[in-house]
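Okay, so here's the structure we're looking at.
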Amino acid sequence: MEWIVSLLSTLGIFAAALLILVFFHELGHFLAAKLFGMRVERFSLGFPPRIWGFQKGETDYCIGATPLGGYVKISGMIDESMDDDYLDEEPKPWEYRSKPVWQRIIVITAGVIFNMILAVAIYAGLAFSNGETKVKLDSVDSIYVAENSLAAQVGFQSGDKLIGVNGEEVPYFQDLFSPNRMMASSLSYMVMRNGKQVTIPVADSLLDEIGKQGLVTLNNAMPSVPITQVQPGEPADRAGIQQGDLITAINGEQVGYLQELISRITSSTDSITVTVNRSGTTHEFTLMPNEDNKLGIGFNPDPEEYFAVERFQYGLLESMDFGLQRTNETVSGIMGGFSKMFSGEISVRDNLGGPVAIANVTKQATDAGGFIGFWNITAFLSITLAIMNILPIPVLDGGHLMFLIYEGITRREPSPKVRMALQQIGFLLIIALFIFVTFNDILRQFG
């Protein structure tokens, strides 16, 4: 029963995000077409068959049974419907084909533009309503790196102090892992190690795993903190460990980091001796971790107690500037990711996601960040949709734009037969890509 609730929740959150993205994309086409006096025959969320709608004026506003997308049907335009009955007639003043090239270019690109505007508006809205919280990097003294961890494979060592990325010192911890920096042509980190500055280049072969697991988080820098939860009946509770105890050593070896503590406990295969500080007094407990190599204790550290945190509150204009900057960074990161996929530096199979992956990521972001998480991932997906749509593939907006640029340069409209043929090829390519990414999602999920 629980998995059914989880599935329905995932589908519901994904559907909400998709509805927002598609609506704004198609609204861009719709408003631009209306601006230039073009007749819009249909505004559809979802693809045919039509399951519900209403007629207002010349436009049928409807919902289609196939929910993965939508479209605006403009009179006199060869689109997804492949309708060419009008080609034997003289162009009408309200038709797409009768308008100047520059107007048609605006109509075609308006969907992508509206997706970008939506992303800017979401990021700006979040900045205006919630501000931003950043951890000052100079307050993060050092990090813990477990043996054989991904961070260790990259070249980090316990005790390293992070100071910069890609040859640039940065003021905040979050700056180290921004999308545009992570997807730069080459990735490297700067650390202070034993009083000397060391540059750690990140091998391209590790980028896929970094994308899946992440690299270094504030948890790596978090010192050992007091226990906030002791589960009744578990090994720690039976041994007498209490909430508020601070674990200082495992098997007589000092532990300085929370991640180090967790790593030592979970890697134990035998009984362990835990040394704790309780109100200034030292106590030792010998206990056997349960079958999951856990003691039944929990931690809930507040970063503001251990690191210098800076809060930013933004006014309306500042929020808009923040939204533009955040959108620009996200675009750079996504484009960098595509570039690395096309060059073979990172795996297409591991990094190209379809509807299943997108639904899962949307659910995870919402679970982790609530309202803010949902809107952050929606903004990210809006930018991704815009970039994908502007690719020069017939049937996508970029394909239509390609035809218009050709017409603008040559002063000659491409043959309708050629456009129809290329549209059909593009449609088949999109279907093939959709099938590939969907099966790829399923294999990654259950394989």
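To be explicit about the labels: the chains of the structure tokens are called A, B, and onward in the order shown, and within each one the residues are counted from 1, while ligands get numbers from 1 in the order they are shown.
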If you take only C-alpha atoms and a cut-off of 10 Å, which residues of range 63-176 of chain A touch range 305-308 of chain A, and what are their nearest atom pairs and distances in Å to one decimal, in chain and number order, as JSON lines?
{"residue": "A:Lys134", "atom": "CA", "partner": "A:Ala308", "partner_atom": "CA", "distance": 8.6}
{"residue": "A:Val135", "atom": "CA", "partner": "A:Ala308", "partner_atom": "CA", "distance": 5.9}
{"residue": "A:Lys136", "atom": "CA", "partner": "A:Ala308", "partner_atom": "CA", "distance": 5.6}
{"residue": "A:Leu137", "atom": "CA", "partner": "A:Ala308", "partner_atom": "CA", "distance": 8.3}
{"residue": "A:Asp138", "atom": "CA", "partner": "A:Ala308", "partner_atom": "CA", "distance": 8.3}
{"residue": "A:Ser139", "atom": "CA", "partner": "A:Phe307", "partner_atom": "CA", "distance": 5.4}
{"residue": "A:Val140", "atom": "CA", "partner": "A:Phe307", "partner_atom": "CA", "distance": 6.4}
{"residue": "A:Asp141", "atom": "CA", "partner": "A:Phe307", "partner_atom": "CA", "distance": 9.0}
{"residue": "A:Tyr172", "atom": "CA", "partner": "A:Ala308", "partner_atom": "CA", "distance": 9.9}
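By chain and then residue number, the residues within 6 Å of range 298-302 of chain A are A:Ile227, A:Thr228, A:Gln229, counting only C-alpha atoms and disregarding those fewer than 6 positions away in sequence.
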Taking N, CA and C atoms for each residue, export the selection above as an mmCIF file, in the first residue's frame.
data_model
loop_
_atom_site.group_PDB
_atom_site.id
_atom_site.type_symbol
_atom_site.label_atom_id
_atom_site.label_comp_id
_atom_site.auth_asym_id
_atom_site.auth_seq_id
_atom_site.Cartn_x
_atom_site.Cartn_y
_atom_site.Cartn_z
ATOM 1 N N ILE A 227 24.537 13.593 20.430
ATOM 2 C CA ILE A 227 23.453 12.727 19.961
ATOM 3 C C ILE A 227 22.117 13.414 20.241
ATOM 4 N N THR A 228 21.251 13.459 19.231
ATOM 5 C CA THR A 228 19.937 14.088 19.411
ATOM 6 C C THR A 228 18.807 13.068 19.545
ATOM 7 N N GLN A 229 19.101 11.791 19.212
ATOM 8 C CA GLN A 229 18.040 10.776 19.284
ATOM 9 C C GLN A 229 18.646 9.428 19.644
#
- prompt: Counting only C-alpha atoms, what is within 12 Å of Ser415 in chain A, bar same-chain residues fewer than 3 positions away, as a PyMOL selection string?
  reply: chain A and resi 78+87+403+406-407+412+418-422
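Restricting the calculation to only C-alpha atoms, the smallest distance between Met192 in chain A and any of A:Ile143, A:Leu206, A:Leu176, A:Met222 is found for A:Ile143.
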- prompt: With only C-alpha atoms as the basis for distance, which of A:Asn194, A:Ser224, A:Asn166, A:Gln174 is at the shortest distance from Ile262 in chain A?
  reply: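 Of A:Asn194, A:Ser224, A:Asn166, A:Gln174, the one nearest Ile262 in chain A, counting only C-alpha atoms, is A:Ser224.
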Please provide as a CSV table (one decimal) with C-alpha atoms, in the first residue's frame all residues within 10 Å of Leu19 in chain A, with the sequence filter that same-chain residues fewer than 6 positions apart are discarded (counting only C-alpha atoms).
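Result saved to out17.csv:
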chain,number,residue,atom,x,y,z
A,13,ILE,CA,4.1,16.2,-8.2
A,25,HIS,CA,5.6,27.3,-23.0
A,45,LEU,CA,-2.3,20.8,-22.8
A,46,GLY,CA,-1.4,17.2,-23.8
A,67,PRO,CA,0.0,14.2,-21.0
A,68,LEU,CA,3.7,14.5,-22.0
A,69,GLY,CA,3.5,17.9,-23.7
A,70,GLY,CA,1.2,20.3,-25.4
query: What's the 12 Å shell around Gly233 in chain A, counting only C-alpha atoms, without same-chain residues fewer than 6 positions away, as a list in words?
result: Ala239, Gly240, Ile241, Asn290, Leu295, Gly296 and Ile297 of chain A
message: When you look at His29 in chain A with a cut-off of 6 Å (counting only C-alpha atoms), what residues show up, excluding the ones that are within fewer than 4 positions of it in the same chain? I need them as a ChimeraX atom specification.
response: /A:107,110-111
message: For Thr199 in chain A, find every residue with an atom within 9 Å (counting only C-alpha atoms), except residues of its own chain fewer than 6 positions away, and show them as JSON, numbers by chain.
response: {"A": [165, 166, 167, 188, 189, 190, 191, 192]}
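Shortest atom-to-atom contact with Phe322 in chain A among A:Ala127, A:Leu187, A:Val198, A:Ile63: A:Ala127, counting only C-alpha atoms.
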Among listed residues A:Leu215, A:Val154, A:Ile372, A:Ala236, nearest Ser129 in chain A (using only C-alpha atoms):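 Residue with the minimum atom-to-atom distance to Ser129 in chain A: A:Ile372.
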task: Write out as a ChimeraX atom specification all residues of range 235-389 of chain A that DSSP puts in strand (DSSP E) for this structure's backbone.
output: /A:246-250,253-254,272-278,281-287,297-298,309-312
Store the residues picked out above in a file with C-alpha atoms, as a JSON list (two decimals), in the first residue's frame.
[["chain", "number", "residue", "atom", "x", "y", "z"],
["A", 246, "LEU", "CA", 29.05, 13.53, 22.69],
["A", 247, "ILE", "CA", 30.98, 10.60, 21.20],
["A", 248, "THR", "CA", 34.69, 11.40, 21.32],
["A", 249, "ALA", "CA", 36.31, 8.06, 20.44],
["A", 250, "ILE", "CA", 35.60, 4.66, 18.87],
["A", 253, "GLU", "CA", 40.67, 6.22, 18.58],
["A", 254, "GLN", "CA", 39.63, 9.87, 18.66],
["A", 272, "ILE", "CA", 32.87, -1.64, 19.63],
["A", 273, "THR", "CA", 33.84, 0.54, 22.56],
["A", 274, "VAL", "CA", 32.26, 3.97, 22.48],
["A", 275, "THR", "CA", 33.71, 6.81, 24.56],
["A", 276, "VAL", "CA", 31.32, 9.67, 25.32],
["A", 277, "ASN", "CA", 31.50, 13.00, 27.09],
["A", 278, "ARG", "CA", 28.43, 13.49, 29.27],
["A", 281, "THR", "CA", 32.40, 13.37, 32.49],
["A", 282, "THR", "CA", 33.87, 10.58, 30.35],
["A", 283, "HIS", "CA", 31.99, 7.27, 30.03],
["A", 284, "GLU", "CA", 32.77, 4.11, 28.03],
["A", 285, "PHE", "CA", 30.24, 1.64, 26.62],
["A", 286, "THR", "CA", 30.86, -1.64, 24.84],
["A", 287, "LEU", "CA", 28.08, -2.67, 22.47],
["A", 297, "ILE", "CA", 21.37, 6.85, 17.46],
["A", 298, "GLY", "CA", 20.61, 9.97, 15.41],
["A", 309, "VAL", "CA", 26.38, 31.63, 7.94],
["A", 310, "GLU", "CA", 25.50, 34.72, 5.94],
["A", 311, "ARG", "CA", 21.89, 35.55, 5.11],
["A", 312, "PHE", "CA", 20.88, 37.66, 2.14]]
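For the atom pair formed by CA of Val72 in chain A and CA of Phe43 in chain A, the distance is 4.6 Å, given to one decimal.
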How close does each residue of range 44-148 of chain A get to range 323-341 of chain A, giving the shortest atom pair and distance in Å to one decimal for every residue with an atom at most 12 Å away, counting only C-alpha atoms, sorted by chain and residue number, as JSON lines?
{"residue": "A:Asn115", "atom": "CA", "partner": "A:Thr327", "partner_atom": "CA", "distance": 10.8}
{"residue": "A:Met116", "atom": "CA", "partner": "A:Thr327", "partner_atom": "CA", "distance": 7.6}
{"residue": "A:Ile117", "atom": "CA", "partner": "A:Leu324", "partner_atom": "CA", "distance": 9.0}
{"residue": "A:Leu118", "atom": "CA", "partner": "A:Gly323", "partner_atom": "CA", "distance": 9.9}
{"residue": "A:Ala119", "atom": "CA", "partner": "A:Thr327", "partner_atom": "CA", "distance": 6.5}
{"residue": "A:Val120", "atom": "CA", "partner": "A:Gly323", "partner_atom": "CA", "distance": 4.5}
{"residue": "A:Ala121", "atom": "CA", "partner": "A:Gly323", "partner_atom": "CA", "distance": 6.5}
{"residue": "A:Ile122", "atom": "CA", "partner": "A:Gly323", "partner_atom": "CA", "distance": 7.4}
{"residue": "A:Tyr123", "atom": "CA", "partner": "A:Gly323", "partner_atom": "CA", "distance": 4.6}
{"residue": "A:Ala124", "atom": "CA", "partner": "A:Gly323", "partner_atom": "CA", "distance": 4.3}
{"residue": "A:Gly125", "atom": "CA", "partner": "A:Gly323", "partner_atom": "CA", "distance": 8.0}
{"residue": "A:Leu126", "atom": "CA", "partner": "A:Gly323", "partner_atom": "CA", "distance": 8.7}
{"residue": "A:Ala127", "atom": "CA", "partner": "A:Gly323", "partner_atom": "CA", "distance": 7.7}
{"residue": "A:Phe128", "atom": "CA", "partner": "A:Gly323", "partner_atom": "CA", "distance": 9.7}
{"residue": "A:Gly131", "atom": "CA", "partner": "A:Gly323", "partner_atom": "CA", "distance": 11.6}
{"residue": "A:Glu132", "atom": "CA", "partner": "A:Gly323", "partner_atom": "CA", "distance": 11.9}
